$ cat data.cif   # mmCIF, N, CA and C atoms
data_data
loop_
_atom_site.label_atom_id
_atom_site.label_comp_id
_atom_site.auth_asym_id
_atom_site.auth_seq_id
_atom_site.Cartn_x
_atom_site.Cartn_y
_atom_site.Cartn_z
N MET M 1 -8.31 19.25 5.61
CA MET M 1 -8.97 20.54 5.57
C MET M 1 -10.26 20.39 4.77
N ASN M 2 -11.38 20.70 5.38
CA ASN M 2 -12.66 20.49 4.74
C ASN M 2 -13.53 21.74 4.77
N SER M 3 -12.92 22.90 4.83
CA SER M 3 -13.68 24.12 4.98
C SER M 3 -14.45 24.48 3.71
N ASP M 4 -15.68 24.88 3.90
CA ASP M 4 -16.50 25.46 2.84
C ASP M 4 -16.63 24.57 1.61
N ILE M 5 -16.89 23.33 1.80
CA ILE M 5 -16.99 22.37 0.70
C ILE M 5 -18.10 22.74 -0.28
N SER M 6 -19.19 23.28 0.21
CA SER M 6 -20.32 23.58 -0.66
C SER M 6 -20.02 24.64 -1.72
N SER M 7 -18.99 25.44 -1.51
CA SER M 7 -18.65 26.48 -2.49
C SER M 7 -17.66 26.01 -3.56
N LYS M 8 -17.22 24.78 -3.49
CA LYS M 8 -16.22 24.27 -4.43
C LYS M 8 -16.87 23.92 -5.77
N ASN M 9 -16.14 24.17 -6.86
CA ASN M 9 -16.69 23.95 -8.20
C ASN M 9 -15.98 22.85 -9.00
N TYR M 10 -14.91 22.29 -8.46
CA TYR M 10 -14.12 21.30 -9.19
C TYR M 10 -13.87 20.11 -8.28
N ILE M 11 -13.91 18.92 -8.89
CA ILE M 11 -13.57 17.71 -8.14
C ILE M 11 -12.36 17.06 -8.82
N ILE M 12 -11.44 16.62 -7.97
CA ILE M 12 -10.16 16.11 -8.45
C ILE M 12 -9.93 14.74 -7.83
N TYR M 13 -9.57 13.77 -8.67
CA TYR M 13 -9.16 12.47 -8.14
C TYR M 13 -7.89 12.02 -8.85
N ALA M 14 -6.94 11.53 -8.06
CA ALA M 14 -5.71 10.95 -8.61
C ALA M 14 -5.36 9.70 -7.82
N ASP M 15 -4.93 8.67 -8.55
CA ASP M 15 -4.41 7.48 -7.88
C ASP M 15 -3.12 7.85 -7.16
N GLY M 16 -2.85 7.17 -6.07
CA GLY M 16 -1.59 7.43 -5.40
C GLY M 16 -1.54 6.73 -4.05
N GLY M 17 -0.33 6.65 -3.54
CA GLY M 17 -0.11 6.04 -2.26
C GLY M 17 1.25 5.38 -2.20
N THR M 18 1.52 4.74 -1.11
CA THR M 18 2.83 4.12 -0.90
C THR M 18 3.17 3.12 -2.00
N ASN M 19 2.23 2.30 -2.40
CA ASN M 19 2.50 1.29 -3.43
C ASN M 19 2.56 1.87 -4.84
N LEU M 20 1.73 2.87 -5.12
CA LEU M 20 1.65 3.45 -6.46
C LEU M 20 2.58 4.64 -6.67
N GLY M 21 2.99 5.26 -5.60
CA GLY M 21 3.78 6.48 -5.70
C GLY M 21 2.88 7.70 -5.59
N PHE M 22 3.49 8.88 -5.62
CA PHE M 22 2.76 10.11 -5.41
C PHE M 22 2.78 11.04 -6.62
N GLY M 23 3.21 10.54 -7.76
CA GLY M 23 3.32 11.35 -8.97
C GLY M 23 2.00 11.91 -9.46
N HIS M 24 0.96 11.07 -9.48
CA HIS M 24 -0.36 11.52 -9.94
C HIS M 24 -0.92 12.59 -8.99
N LEU M 25 -0.74 12.37 -7.70
CA LEU M 25 -1.23 13.33 -6.71
C LEU M 25 -0.55 14.68 -6.87
N THR M 26 0.76 14.65 -7.06
CA THR M 26 1.53 15.87 -7.25
C THR M 26 1.12 16.57 -8.54
N ARG M 27 0.91 15.79 -9.58
CA ARG M 27 0.54 16.36 -10.87
C ARG M 27 -0.80 17.10 -10.80
N VAL M 28 -1.82 16.50 -10.19
CA VAL M 28 -3.11 17.19 -10.13
C VAL M 28 -3.04 18.41 -9.22
N LEU M 29 -2.27 18.31 -8.16
CA LEU M 29 -2.11 19.47 -7.29
C LEU M 29 -1.47 20.63 -8.06
N ASN M 30 -0.40 20.33 -8.79
CA ASN M 30 0.27 21.36 -9.59
C ASN M 30 -0.65 21.91 -10.69
N LEU M 31 -1.44 21.04 -11.31
CA LEU M 31 -2.37 21.49 -12.34
C LEU M 31 -3.39 22.47 -11.77
N THR M 32 -3.92 22.17 -10.59
CA THR M 32 -4.90 23.08 -10.00
C THR M 32 -4.27 24.43 -9.64
N LYS M 33 -3.00 24.41 -9.29
CA LYS M 33 -2.30 25.68 -9.01
C LYS M 33 -2.15 26.48 -10.30
N ILE M 34 -1.73 25.83 -11.37
CA ILE M 34 -1.53 26.51 -12.66
C ILE M 34 -2.85 27.08 -13.19
N LEU M 35 -3.92 26.30 -13.05
CA LEU M 35 -5.23 26.73 -13.53
C LEU M 35 -5.92 27.70 -12.56
N LYS M 36 -5.28 27.90 -11.41
CA LYS M 36 -5.82 28.79 -10.37
C LYS M 36 -7.19 28.33 -9.88
N ILE M 37 -7.32 27.00 -9.70
CA ILE M 37 -8.56 26.44 -9.18
C ILE M 37 -8.33 25.64 -7.90
N LYS M 38 -7.13 25.71 -7.36
CA LYS M 38 -6.79 24.92 -6.17
C LYS M 38 -7.76 25.19 -5.02
N HIS M 39 -8.06 26.45 -4.77
CA HIS M 39 -8.90 26.81 -3.62
C HIS M 39 -10.39 26.59 -3.88
N SER M 40 -10.74 26.31 -5.12
CA SER M 40 -12.15 26.02 -5.43
C SER M 40 -12.34 24.56 -5.82
N SER M 41 -11.39 23.71 -5.39
CA SER M 41 -11.43 22.29 -5.72
C SER M 41 -11.58 21.42 -4.47
N ILE M 42 -12.21 20.27 -4.68
CA ILE M 42 -12.27 19.23 -3.66
C ILE M 42 -11.41 18.08 -4.18
N PHE M 43 -10.42 17.69 -3.41
CA PHE M 43 -9.55 16.58 -3.75
C PHE M 43 -10.11 15.33 -3.07
N LEU M 44 -10.38 14.32 -3.86
CA LEU M 44 -10.98 13.09 -3.36
C LEU M 44 -9.90 12.06 -3.03
N PHE M 45 -10.10 11.36 -1.94
CA PHE M 45 -9.17 10.29 -1.58
C PHE M 45 -9.93 9.01 -1.30
N ASP M 46 -9.23 7.89 -1.44
CA ASP M 46 -9.82 6.61 -1.05
C ASP M 46 -8.87 5.77 -0.21
N ASN M 47 -7.71 6.35 0.16
CA ASN M 47 -6.82 5.64 1.07
C ASN M 47 -6.12 6.66 1.98
N LEU M 48 -5.52 6.15 3.04
CA LEU M 48 -4.90 7.04 4.04
C LEU M 48 -3.70 7.79 3.50
N ASP M 49 -2.96 7.20 2.56
CA ASP M 49 -1.82 7.90 1.96
C ASP M 49 -2.28 9.15 1.21
N GLN M 50 -3.34 9.01 0.43
CA GLN M 50 -3.88 10.16 -0.30
C GLN M 50 -4.38 11.22 0.70
N GLN M 51 -5.11 10.77 1.69
CA GLN M 51 -5.64 11.70 2.69
C GLN M 51 -4.51 12.48 3.37
N SER M 52 -3.45 11.79 3.77
CA SER M 52 -2.30 12.43 4.42
C SER M 52 -1.61 13.41 3.48
N PHE M 53 -1.45 13.03 2.21
CA PHE M 53 -0.83 13.90 1.22
C PHE M 53 -1.60 15.21 1.12
N TYR M 54 -2.91 15.13 0.96
CA TYR M 54 -3.73 16.33 0.80
C TYR M 54 -3.76 17.16 2.08
N LYS M 55 -3.74 16.50 3.22
CA LYS M 55 -3.71 17.22 4.49
C LYS M 55 -2.41 18.03 4.61
N ARG M 56 -1.28 17.42 4.22
CA ARG M 56 0.01 18.14 4.24
C ARG M 56 0.01 19.32 3.27
N GLN M 57 -0.72 19.19 2.18
CA GLN M 57 -0.79 20.26 1.19
C GLN M 57 -1.82 21.34 1.56
N LYS M 58 -2.57 21.08 2.61
CA LYS M 58 -3.57 22.03 3.11
C LYS M 58 -4.63 22.39 2.06
N VAL M 59 -5.12 21.34 1.40
CA VAL M 59 -6.21 21.53 0.44
C VAL M 59 -7.47 20.85 0.97
N THR M 60 -8.59 21.24 0.45
CA THR M 60 -9.86 20.63 0.85
C THR M 60 -9.94 19.22 0.27
N SER M 61 -10.12 18.25 1.15
CA SER M 61 -10.20 16.86 0.69
C SER M 61 -11.24 16.11 1.50
N ILE M 62 -11.87 15.15 0.83
CA ILE M 62 -12.85 14.28 1.48
C ILE M 62 -12.76 12.90 0.85
N HIS M 63 -13.31 11.93 1.56
CA HIS M 63 -13.38 10.58 1.00
C HIS M 63 -14.28 10.61 -0.23
N LYS M 64 -13.92 9.85 -1.23
CA LYS M 64 -14.66 9.87 -2.51
C LYS M 64 -16.14 9.52 -2.34
N ASN M 65 -16.48 8.75 -1.32
CA ASN M 65 -17.89 8.37 -1.10
C ASN M 65 -18.69 9.45 -0.37
N ASP M 66 -18.01 10.50 0.09
CA ASP M 66 -18.68 11.56 0.85
C ASP M 66 -18.86 12.85 0.06
N LEU M 67 -18.68 12.79 -1.25
CA LEU M 67 -18.79 13.97 -2.09
C LEU M 67 -20.21 14.53 -2.04
N PRO M 68 -20.35 15.82 -1.69
CA PRO M 68 -21.69 16.41 -1.67
C PRO M 68 -22.33 16.38 -3.06
N ILE M 69 -23.60 16.08 -3.10
CA ILE M 69 -24.32 16.00 -4.37
C ILE M 69 -24.62 17.40 -4.87
N LYS M 70 -24.05 17.71 -6.03
CA LYS M 70 -24.32 18.95 -6.75
C LYS M 70 -23.66 18.82 -8.12
N LYS M 71 -23.83 19.78 -8.97
CA LYS M 71 -23.21 19.75 -10.29
C LYS M 71 -21.94 20.61 -10.24
N TYR M 72 -20.79 19.97 -10.38
CA TYR M 72 -19.50 20.65 -10.38
C TYR M 72 -19.14 21.02 -11.82
N ASN M 73 -18.34 22.05 -11.98
CA ASN M 73 -17.96 22.49 -13.32
C ASN M 73 -17.08 21.47 -14.03
N LEU M 74 -16.19 20.83 -13.30
CA LEU M 74 -15.22 19.94 -13.93
C LEU M 74 -14.76 18.85 -12.98
N LEU M 75 -14.65 17.64 -13.51
CA LEU M 75 -13.99 16.52 -12.83
C LEU M 75 -12.66 16.31 -13.52
N ILE M 76 -11.59 16.32 -12.75
CA ILE M 76 -10.27 15.98 -13.28
C ILE M 76 -9.87 14.67 -12.64
N ILE M 77 -9.50 13.70 -13.47
CA ILE M 77 -9.14 12.39 -12.94
C ILE M 77 -7.83 11.93 -13.57
N ASP M 78 -6.91 11.50 -12.71
CA ASP M 78 -5.59 11.05 -13.12
C ASP M 78 -5.38 9.63 -12.59
N THR M 79 -5.60 8.66 -13.46
CA THR M 79 -5.52 7.26 -13.07
C THR M 79 -5.04 6.44 -14.26
N LYS M 80 -4.43 5.32 -14.00
CA LYS M 80 -4.03 4.40 -15.06
C LYS M 80 -5.00 3.22 -15.19
N ILE M 81 -6.06 3.24 -14.42
CA ILE M 81 -7.04 2.16 -14.46
C ILE M 81 -7.81 2.23 -15.77
N LYS M 82 -7.98 1.08 -16.42
CA LYS M 82 -8.65 1.03 -17.73
C LYS M 82 -10.12 1.41 -17.63
N GLU M 83 -10.86 0.69 -16.89
CA GLU M 83 -12.29 0.96 -16.74
C GLU M 83 -12.54 1.42 -15.32
N SER M 84 -12.52 2.69 -15.13
CA SER M 84 -12.64 3.25 -13.79
C SER M 84 -14.10 3.39 -13.39
N THR M 85 -14.53 2.56 -12.47
CA THR M 85 -15.87 2.68 -11.91
C THR M 85 -16.01 4.04 -11.25
N LEU M 86 -14.93 4.49 -10.64
CA LEU M 86 -14.94 5.81 -10.01
C LEU M 86 -15.26 6.89 -11.03
N LEU M 87 -14.65 6.83 -12.19
CA LEU M 87 -14.91 7.81 -13.24
C LEU M 87 -16.38 7.79 -13.63
N ILE M 88 -16.92 6.63 -13.84
CA ILE M 88 -18.33 6.50 -14.23
C ILE M 88 -19.23 7.05 -13.13
N ASP M 89 -18.93 6.73 -11.88
CA ASP M 89 -19.74 7.22 -10.77
C ASP M 89 -19.67 8.73 -10.63
N LEU M 90 -18.50 9.31 -10.80
CA LEU M 90 -18.31 10.74 -10.60
C LEU M 90 -18.81 11.60 -11.76
N GLN M 91 -18.93 11.01 -12.95
CA GLN M 91 -19.40 11.77 -14.12
C GLN M 91 -20.74 12.44 -13.86
N ALA M 92 -21.60 11.79 -13.11
CA ALA M 92 -22.92 12.34 -12.83
C ALA M 92 -22.85 13.66 -12.07
N PHE M 93 -21.73 13.92 -11.41
CA PHE M 93 -21.57 15.13 -10.61
C PHE M 93 -20.96 16.29 -11.38
N ALA M 94 -20.45 16.04 -12.58
CA ALA M 94 -19.66 17.07 -13.27
C ALA M 94 -20.24 17.40 -14.64
N LYS M 95 -20.14 18.67 -15.00
CA LYS M 95 -20.57 19.12 -16.33
C LYS M 95 -19.62 18.60 -17.41
N SER M 96 -18.32 18.54 -17.08
CA SER M 96 -17.30 18.05 -18.01
C SER M 96 -16.28 17.22 -17.25
N THR M 97 -15.62 16.33 -18.00
CA THR M 97 -14.61 15.46 -17.41
C THR M 97 -13.31 15.56 -18.19
N LEU M 98 -12.23 15.74 -17.46
CA LEU M 98 -10.88 15.79 -18.02
C LEU M 98 -10.10 14.60 -17.49
N VAL M 99 -9.60 13.76 -18.39
CA VAL M 99 -8.78 12.61 -18.01
C VAL M 99 -7.34 12.95 -18.36
N ILE M 100 -6.44 12.61 -17.46
CA ILE M 100 -5.02 12.88 -17.67
C ILE M 100 -4.29 11.58 -17.99
N ASP M 101 -3.66 11.54 -19.18
CA ASP M 101 -2.72 10.50 -19.57
C ASP M 101 -3.22 9.08 -19.39
N ASN M 102 -4.39 8.78 -19.96
CA ASN M 102 -4.90 7.42 -19.89
C ASN M 102 -5.65 7.09 -21.18
N LEU M 103 -4.95 6.50 -22.12
CA LEU M 103 -5.55 6.14 -23.40
C LEU M 103 -6.37 4.85 -23.33
N LEU M 104 -6.41 4.21 -22.17
CA LEU M 104 -7.18 2.98 -22.01
C LEU M 104 -8.66 3.24 -21.74
N ILE M 105 -8.98 4.44 -21.28
CA ILE M 105 -10.37 4.78 -20.97
C ILE M 105 -11.12 5.10 -22.26
N LYS M 106 -12.32 4.56 -22.39
CA LYS M 106 -13.14 4.79 -23.59
C LYS M 106 -13.43 6.27 -23.77
N LYS M 107 -13.38 6.72 -25.01
CA LYS M 107 -13.56 8.14 -25.33
C LYS M 107 -14.91 8.70 -24.92
N ASP M 108 -15.92 7.85 -24.87
CA ASP M 108 -17.25 8.35 -24.50
C ASP M 108 -17.39 8.61 -23.00
N LEU M 109 -16.34 8.31 -22.23
CA LEU M 109 -16.39 8.52 -20.78
C LEU M 109 -15.81 9.87 -20.34
N TYR M 110 -15.30 10.67 -21.27
CA TYR M 110 -14.72 11.95 -20.89
C TYR M 110 -14.90 12.98 -22.01
N ASN M 111 -14.74 14.23 -21.65
CA ASN M 111 -14.84 15.33 -22.62
C ASN M 111 -13.49 15.74 -23.16
N PHE M 112 -12.46 15.68 -22.29
CA PHE M 112 -11.13 16.14 -22.64
C PHE M 112 -10.09 15.15 -22.14
N MET M 113 -9.00 15.07 -22.91
CA MET M 113 -7.86 14.23 -22.53
C MET M 113 -6.60 15.10 -22.60
N VAL M 114 -5.76 15.00 -21.59
CA VAL M 114 -4.48 15.69 -21.59
C VAL M 114 -3.40 14.62 -21.59
N LEU M 115 -2.48 14.73 -22.54
CA LEU M 115 -1.36 13.82 -22.61
C LEU M 115 -0.07 14.61 -22.41
N PRO M 116 0.68 14.28 -21.35
CA PRO M 116 1.91 15.04 -21.10
C PRO M 116 2.96 14.82 -22.19
#

$ encode --input "data.cif" --output "structure tokens"
Amino acid sequence: MNSDISSKNYIIYADGGTNLGFGHLTRVLNLTKILKIKHSSIFLFDNLDQQSFYKRQKVTSIHKNDLPIKKYNLLIIDTKIKESTLLIDLQAFAKSTLVIDNLLIKKDLYNFMVLP
């Protein structure tokens, strides 16, 4: 589902797939529901498992390399990767960055950290 991408204010990325599992994907989806930003978010994928997950959830999703250039209010990223090139690349698009449960990422790469 890719309707009305230009009106979205949040970008969301989570690792996930058959090899990694779907916990991160489920967590960010639930977080966007709790924060009431699900319908104003773009969920980014980089593999077919992620794409299929988001399609089943009926949320707006696009490949991470196809993100429209604009300034989004918030980037939420849920990954266990230490030095995420994706995080560095996506920071330019967001006013603030929220990292979920990853103490390996340098503190200067994000504004907020959530630890479950």

$ resolve_selection --input "data.cif" --expression "the PyMOL selection byres ((chain M and resi 43) around 6.5)" --output "number ranges by chain"
M: 10-13, 41-42, 44-45, 59-62

$ atom_distance --input "data.cif" --atom1 "atom C of Leu115 in chain M" --atom2 "CA of Asp101 in chain M"
5.7 Å

$ closest_residue --input "data.cif" --among "M:Phe112, M:Arg56, M:Asn47, M:Lys70" --to "Thr97 in chain M" --atoms "all atoms listed in the file"
M:Phe112

$ atom_distance --input "data.cif" --atom1 "CA of Ile34 in chain M" --atom2 "CA of Ser84 in chain M"
25.8 Å

$ resolve_selection --input "data.cif" --expression "the PyMOL selection byres ((chain M and resi 110) around 8)" --output "list in words"
Ser96, Thr97, Leu98, Val99, Ile105, Lys106, Lys107, Asp108, Leu109, Asn111, Phe112 and Met113 of chain M

$ closest_residue --input "data.cif" --among "M:Leu67, M:Tyr54, M:Asp49, M:Asp78" --to "Val28 in chain M" --atoms "all atoms listed in the file"
M:Asp78

$ select_by_dssp --input "data.cif" --residues "range 14-83 of chain M" --states "helix (DSSP H, G or I)" --output "list in words"
Gly23, His24, Leu25, Thr26, Arg27, Val28, Leu29, Asn30, Leu31, Thr32, Lys33, Ile34, Lys38, His39, Ser40, Leu48, Asp49, Gln50, Gln51, Ser52, Phe53, Tyr54, Lys55, Arg56, Gln57, Lys64, Asn65 and Asp66 of chain M

$ resolve_selection --input "data.cif" --expression "the PyMOL selection byres (((chain M and resi 82 and name CA) around 10) and name CA)" --output "list in words"
Thr79, Lys80, Ile81, Glu83, Ser84, Thr85, Asn102, Leu103, Leu104, Ile105 and Lys106 of chain M

$ atom_distance --input "data.cif" --atom1 "atom N of Asp4 in chain M" --atom2 "atom C of Gly17 in chain M"
26.5 Å

$ select_by_dssp --input "data.cif" --residues "chain M" --states "strand (DSSP E or B)" --output "PyMOL selection string"
chain M and resi 10-14+17+21+41-45+61-63+72-78+94-100+112-114

$ residues_around --input "data.cif" --residues "His24 in chain M" --least-positions-apart "5" --cutoff "6.5 Å" --atoms "all atoms listed in the file" --output "list in words"
Ala14, Asp15, Gly16, Leu29 and Asp78 of chain M

$ residues_near_point --input "data.cif" --point "(-14.2, 9.9, -13.3)" --cutoff "7 Å" --atoms "only N, CA and C atoms" --output "list in words"
Leu75, Ile76, Ile77, Ser84, Thr85, Leu86, Leu87, Ile88, Asp89, Leu90, Gln91 and Thr97 of chain M

$ write_last_selection --input "data.cif" --atoms "N, CA and C atoms" --output "short mmCIF file (atom, residue, chain, number, x, y, z; two decimals), in the frame of the given file"
data_model
loop_
_atom_site.label_atom_id
_atom_site.label_comp_id
_atom_site.auth_asym_id
_atom_site.auth_seq_id
_atom_site.Cartn_x
_atom_site.Cartn_y
_atom_site.Cartn_z
N LEU M 75 -14.65 17.64 -13.51
CA LEU M 75 -13.99 16.52 -12.83
C LEU M 75 -12.66 16.31 -13.52
N ILE M 76 -11.59 16.32 -12.75
CA ILE M 76 -10.27 15.98 -13.28
C ILE M 76 -9.87 14.67 -12.64
N ILE M 77 -9.50 13.70 -13.47
CA ILE M 77 -9.14 12.39 -12.94
C ILE M 77 -7.83 11.93 -13.57
N SER M 84 -12.52 2.69 -15.13
CA SER M 84 -12.64 3.25 -13.79
C SER M 84 -14.10 3.39 -13.39
N THR M 85 -14.53 2.56 -12.47
CA THR M 85 -15.87 2.68 -11.91
C THR M 85 -16.01 4.04 -11.25
N LEU M 86 -14.93 4.49 -10.64
CA LEU M 86 -14.94 5.81 -10.01
C LEU M 86 -15.26 6.89 -11.03
N LEU M 87 -14.65 6.83 -12.19
CA LEU M 87 -14.91 7.81 -13.24
C LEU M 87 -16.38 7.79 -13.63
N ILE M 88 -16.92 6.63 -13.84
CA ILE M 88 -18.33 6.50 -14.23
C ILE M 88 -19.23 7.05 -13.13
N ASP M 89 -18.93 6.73 -11.88
CA ASP M 89 -19.74 7.22 -10.77
C ASP M 89 -19.67 8.73 -10.63
N LEU M 90 -18.50 9.31 -10.80
CA LEU M 90 -18.31 10.74 -10.60
C LEU M 90 -18.81 11.60 -11.76
N GLN M 91 -18.93 11.01 -12.95
CA GLN M 91 -19.40 11.77 -14.12
C GLN M 91 -20.74 12.44 -13.86
N THR M 97 -15.62 16.33 -18.00
CA THR M 97 -14.61 15.46 -17.41
C THR M 97 -13.31 15.56 -18.19
#

$ build_atoms --input "data.cif" --residues "range 13-32 of chain M" --atoms "N, CA, C and O atoms" --output "PDB file, in the coordinates of the input"
ATOM      1  N   TYR M  13      -9.570  13.770  -8.670  1.00  0.00           N
ATOM      2  CA  TYR M  13      -9.160  12.470  -8.140  1.00  0.00           C
ATOM      3  C   TYR M  13      -7.890  12.020  -8.850  1.00  0.00           C
ATOM      4  O   TYR M  13      -7.776  12.109 -10.073  1.00  0.00           O
ATOM      5  N   ALA M  14      -6.940  11.530  -8.060  1.00  0.00           N
ATOM      6  CA  ALA M  14      -5.710  10.950  -8.610  1.00  0.00           C
ATOM      7  C   ALA M  14      -5.360   9.700  -7.820  1.00  0.00           C
ATOM      8  O   ALA M  14      -5.489   9.678  -6.596  1.00  0.00           O
ATOM      9  N   ASP M  15      -4.930   8.670  -8.550  1.00  0.00           N
ATOM     10  CA  ASP M  15      -4.410   7.480  -7.880  1.00  0.00           C
ATOM     11  C   ASP M  15      -3.120   7.850  -7.160  1.00  0.00           C
ATOM     12  O   ASP M  15      -2.377   8.719  -7.628  1.00  0.00           O
ATOM     13  N   GLY M  16      -2.850   7.170  -6.070  1.00  0.00           N
ATOM     14  CA  GLY M  16      -1.590   7.430  -5.400  1.00  0.00           C
ATOM     15  C   GLY M  16      -1.540   6.730  -4.050  1.00  0.00           C
ATOM     16  O   GLY M  16      -2.550   6.297  -3.516  1.00  0.00           O
ATOM     17  N   GLY M  17      -0.330   6.650  -3.540  1.00  0.00           N
ATOM     18  CA  GLY M  17      -0.110   6.040  -2.260  1.00  0.00           C
ATOM     19  C   GLY M  17       1.250   5.380  -2.200  1.00  0.00           C
ATOM     20  O   GLY M  17       2.043   5.462  -3.158  1.00  0.00           O
ATOM     21  N   THR M  18       1.520   4.740  -1.110  1.00  0.00           N
ATOM     22  CA  THR M  18       2.830   4.120  -0.900  1.00  0.00           C
ATOM     23  C   THR M  18       3.170   3.120  -2.000  1.00  0.00           C
ATOM     24  O   THR M  18       4.287   3.131  -2.513  1.00  0.00           O
ATOM     25  N   ASN M  19       2.230   2.300  -2.400  1.00  0.00           N
ATOM     26  CA  ASN M  19       2.500   1.290  -3.430  1.00  0.00           C
ATOM     27  C   ASN M  19       2.560   1.870  -4.840  1.00  0.00           C
ATOM     28  O   ASN M  19       3.305   1.394  -5.680  1.00  0.00           O
ATOM     29  N   LEU M  20       1.730   2.870  -5.120  1.00  0.00           N
ATOM     30  CA  LEU M  20       1.650   3.450  -6.460  1.00  0.00           C
ATOM     31  C   LEU M  20       2.580   4.640  -6.670  1.00  0.00           C
ATOM     32  O   LEU M  20       2.852   5.010  -7.798  1.00  0.00           O
ATOM     33  N   GLY M  21       2.990   5.260  -5.600  1.00  0.00           N
ATOM     34  CA  GLY M  21       3.780   6.480  -5.700  1.00  0.00           C
ATOM     35  C   GLY M  21       2.880   7.700  -5.590  1.00  0.00           C
ATOM     36  O   GLY M  21       1.649   7.587  -5.506  1.00  0.00           O
ATOM     37  N   PHE M  22       3.490   8.880  -5.620  1.00  0.00           N
ATOM     38  CA  PHE M  22       2.760  10.110  -5.410  1.00  0.00           C
ATOM     39  C   PHE M  22       2.780  11.040  -6.620  1.00  0.00           C
ATOM     40  O   PHE M  22       2.385  12.203  -6.531  1.00  0.00           O
ATOM     41  N   GLY M  23       3.210  10.540  -7.760  1.00  0.00           N
ATOM     42  CA  GLY M  23       3.320  11.350  -8.970  1.00  0.00           C
ATOM     43  C   GLY M  23       2.000  11.910  -9.460  1.00  0.00           C
ATOM     44  O   GLY M  23       1.895  13.074  -9.819  1.00  0.00           O
ATOM     45  N   HIS M  24       0.960  11.070  -9.480  1.00  0.00           N
ATOM     46  CA  HIS M  24      -0.360  11.520  -9.940  1.00  0.00           C
ATOM     47  C   HIS M  24      -0.920  12.590  -8.990  1.00  0.00           C
ATOM     48  O   HIS M  24      -1.510  13.573  -9.442  1.00  0.00           O
ATOM     49  N   LEU M  25      -0.740  12.370  -7.700  1.00  0.00           N
ATOM     50  CA  LEU M  25      -1.230  13.330  -6.710  1.00  0.00           C
ATOM     51  C   LEU M  25      -0.550  14.680  -6.870  1.00  0.00           C
ATOM     52  O   LEU M  25      -1.194  15.730  -6.851  1.00  0.00           O
ATOM     53  N   THR M  26       0.760  14.650  -7.060  1.00  0.00           N
ATOM     54  CA  THR M  26       1.530  15.870  -7.250  1.00  0.00           C
ATOM     55  C   THR M  26       1.120  16.570  -8.540  1.00  0.00           C
ATOM     56  O   THR M  26       0.973  17.791  -8.585  1.00  0.00           O
ATOM     57  N   ARG M  27       0.910  15.790  -9.580  1.00  0.00           N
ATOM     58  CA  ARG M  27       0.540  16.360 -10.870  1.00  0.00           C
ATOM     59  C   ARG M  27      -0.800  17.100 -10.800  1.00  0.00           C
ATOM     60  O   ARG M  27      -0.916  18.226 -11.282  1.00  0.00           O
ATOM     61  N   VAL M  28      -1.820  16.500 -10.190  1.00  0.00           N
ATOM     62  CA  VAL M  28      -3.110  17.190 -10.130  1.00  0.00           C
ATOM     63  C   VAL M  28      -3.040  18.410  -9.220  1.00  0.00           C
ATOM     64  O   VAL M  28      -3.681  19.426  -9.491  1.00  0.00           O
ATOM     65  N   LEU M  29      -2.270  18.310  -8.160  1.00  0.00           N
ATOM     66  CA  LEU M  29      -2.110  19.470  -7.290  1.00  0.00           C
ATOM     67  C   LEU M  29      -1.470  20.630  -8.060  1.00  0.00           C
ATOM     68  O   LEU M  29      -1.947  21.766  -8.010  1.00  0.00           O
ATOM     69  N   ASN M  30      -0.400  20.330  -8.790  1.00  0.00           N
ATOM     70  CA  ASN M  30       0.270  21.360  -9.590  1.00  0.00           C
ATOM     71  C   ASN M  30      -0.650  21.910 -10.690  1.00  0.00           C
ATOM     72  O   ASN M  30      -0.653  23.110 -10.960  1.00  0.00           O
ATOM     73  N   LEU M  31      -1.440  21.040 -11.310  1.00  0.00           N
ATOM     74  CA  LEU M  31      -2.370  21.490 -12.340  1.00  0.00           C
ATOM     75  C   LEU M  31      -3.390  22.470 -11.770  1.00  0.00           C
ATOM     76  O   LEU M  31      -3.686  23.493 -12.386  1.00  0.00           O
ATOM     77  N   THR M  32      -3.920  22.170 -10.590  1.00  0.00           N
ATOM     78  CA  THR M  32      -4.900  23.080 -10.000  1.00  0.00           C
ATOM     79  C   THR M  32      -4.270  24.430  -9.640  1.00  0.00           C
ATOM     80  O   THR M  32      -4.942  25.454  -9.707  1.00  0.00           O
TER      81      THR M  32
END
